[in-house]
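J.: The structure's right below; bear with me while I get my questions together.
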Amino acid sequence: MVLQAGLDEVTRFVERADPPGSPGPTLARQVLAAIAWHLRVGGAWRALPVGFPPWRTVYGWFRRWIEKGLFETLMRALTRRQRRRCGRRPEPRLAIVDTQSIKCIGVRGPRGYDGAKKLVGRKRVALVDAEGHVLALAVVPANVQYRDTLPALDDGKETWPSLRLAIFDGAFTAERCQEWCVVHDMRHRVVEKLPDQKGFVVLERRWIVERTFGWLSHWGGLHRERDGRLDVATGRLACVASLMAANALNNPA
């Protein structure tokens, strides 16, 4: 029901979007194109070039869609389609979890110092499947310990009840991580380097989530955390994940 409601919302907005006070309808396709340009290039909303709708209109719809959870719903629907295209079942059973620490620009909002990466900013928490398709995303302050980032994925995990195995790296060895998996009816597995391994090593399944973070790094609007609210920061990630999934489906390699 939630998925269908979200898709109906997308369909309705693609047909027309009437911002309050607007003299006429604004095609949501134009709004989505402006959001995609902003996230791809980066910079301020006010810097939208001529030819796009007014930046206030674009930003207003962007925030409204985030509040409705539209991008998360679209992301999950496109992930299911990507899995079908890869010859897999639409509901995954394996999930890979990792985090990425990112600096913040000078905006208000929660942030923290990551002693391991030596930066002030936030942590992005990603849950991906065996192909690297994004299942769930969250953003937390960078000073949150790895074991404490998992509760931020609770809502996203609930939308994938089929998951049975979670793979983590060595930073998630705390007992709390195993407890989180037990609560969500999953097995827990940690993949880390062997004692005699030195330097860069490609670890089983670990490179998949790192590749997903690499895909996200192609978007200039994600090079720094620039939103004051964590839910808006998460919405930006979900929007980019949806755009990447739509592009992959429309332009298969």
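Just so we're on the same page: first chain in the structure tokens is A, next is B, and so on; residues restart at 1 for each chain, and ligands are numbered from 1 in the order they show up.
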Name all residues at most 12 Å from Arg63 of chain A (count only C-alpha atoms; drop same-chain ones fewer than 3 positions away) and give them as a PyMOL selection string.
T.: chain A and resi 31+35+56-60+66-71+227+229+231-236+239
J.: To one decimal in Å, tell me the separation between atom CA of Leu216 of chain A and atom CA of Ala130 of chain A.
T.: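 Rounded to one decimal, the two atoms are 17.1 Å apart.
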J.: Pick from A:Thr99, A:Thr73, A:Asn143, A:Thr149: nearest to Leu119 of chain A, with only C-alpha atoms counted?
T.: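 Of A:Thr99, A:Thr73, A:Asn143, A:Thr149, the one nearest Leu119 of chain A, counting only C-alpha atoms, is A:Asn143.
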J.: Tell me, which residues of segment 39-236 of chain A carry DSSP strand (DSSP E), written as a VMD selection string?
T.: chain A and resid 94 to 103 112 to 114 119 to 128 134 to 141 165 to 168 187 to 190
J.: Quick one: everything within 7 Å of segment 242-253 of chain A, counting only C-alpha atoms, minus sequence neighbours fewer than 4 positions away in the same chain. Send it as a PDB file with C-alpha atoms, in the first residue's frame.
T.:
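Saved the output as selection34.pdb:
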ATOM      1  CA  PHE A  71      12.370   9.594  -2.862  1.00  0.00           C
ATOM      2  CA  LEU A  74      10.883   5.585  -5.445  1.00  0.00           C
ATOM      3  CA  MET A  75      14.354   4.310  -4.523  1.00  0.00           C
ATOM      4  CA  LEU A  78      13.606   1.113  -8.629  1.00  0.00           C
ATOM      5  CA  THR A  79      15.843  -1.220  -6.608  1.00  0.00           C
ATOM      6  CA  GLN A  82      17.071  -3.365 -10.944  1.00  0.00           C
ATOM      7  CA  ALA A 238      17.737   8.963  -1.624  1.00  0.00           C
TER       8      ALA A 238
END
J.: Which residue, A:Leu39, A:Glu158, A:Arg206, A:Leu27, has the smallest gap to Arg226 of chain A when you use only C-alpha atoms?
T.: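 With only C-alpha atoms as the atom set, the closest residue is A:Leu39.
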J.: Which neighbours of Phe52 of chain A fall inside 8 Å, counting only C-alpha atoms, when residues of the same chain fewer than 5 positions from it are skipped, and could you give them as a PyMOL selection string?
T.: chain A and resi 30-31+33-34
J.: Apply DSSP to the structure's backbone, then extract all residues of segment 139-244 of chain A labelled helix (DSSP H, G or I) and return them as JSON, numbers by chain.
T.: {"A": [146, 147, 148, 149, 150, 151, 152, 153, 154, 155, 156, 157, 158, 170, 171, 172, 175, 176, 177, 178, 179, 180, 181, 182, 183, 206, 207, 208, 209, 210, 211, 212, 213, 214, 215, 216, 220, 221, 222, 230, 231, 232, 233, 234, 235, 236, 237, 238, 239, 240, 241, 242, 243, 244]}
J.: Quick one: pull the distance between atom CA of Gly228 of chain A and atom CA of Arg108 of chain A, Å, one decimal.
T.: 4.9 Å
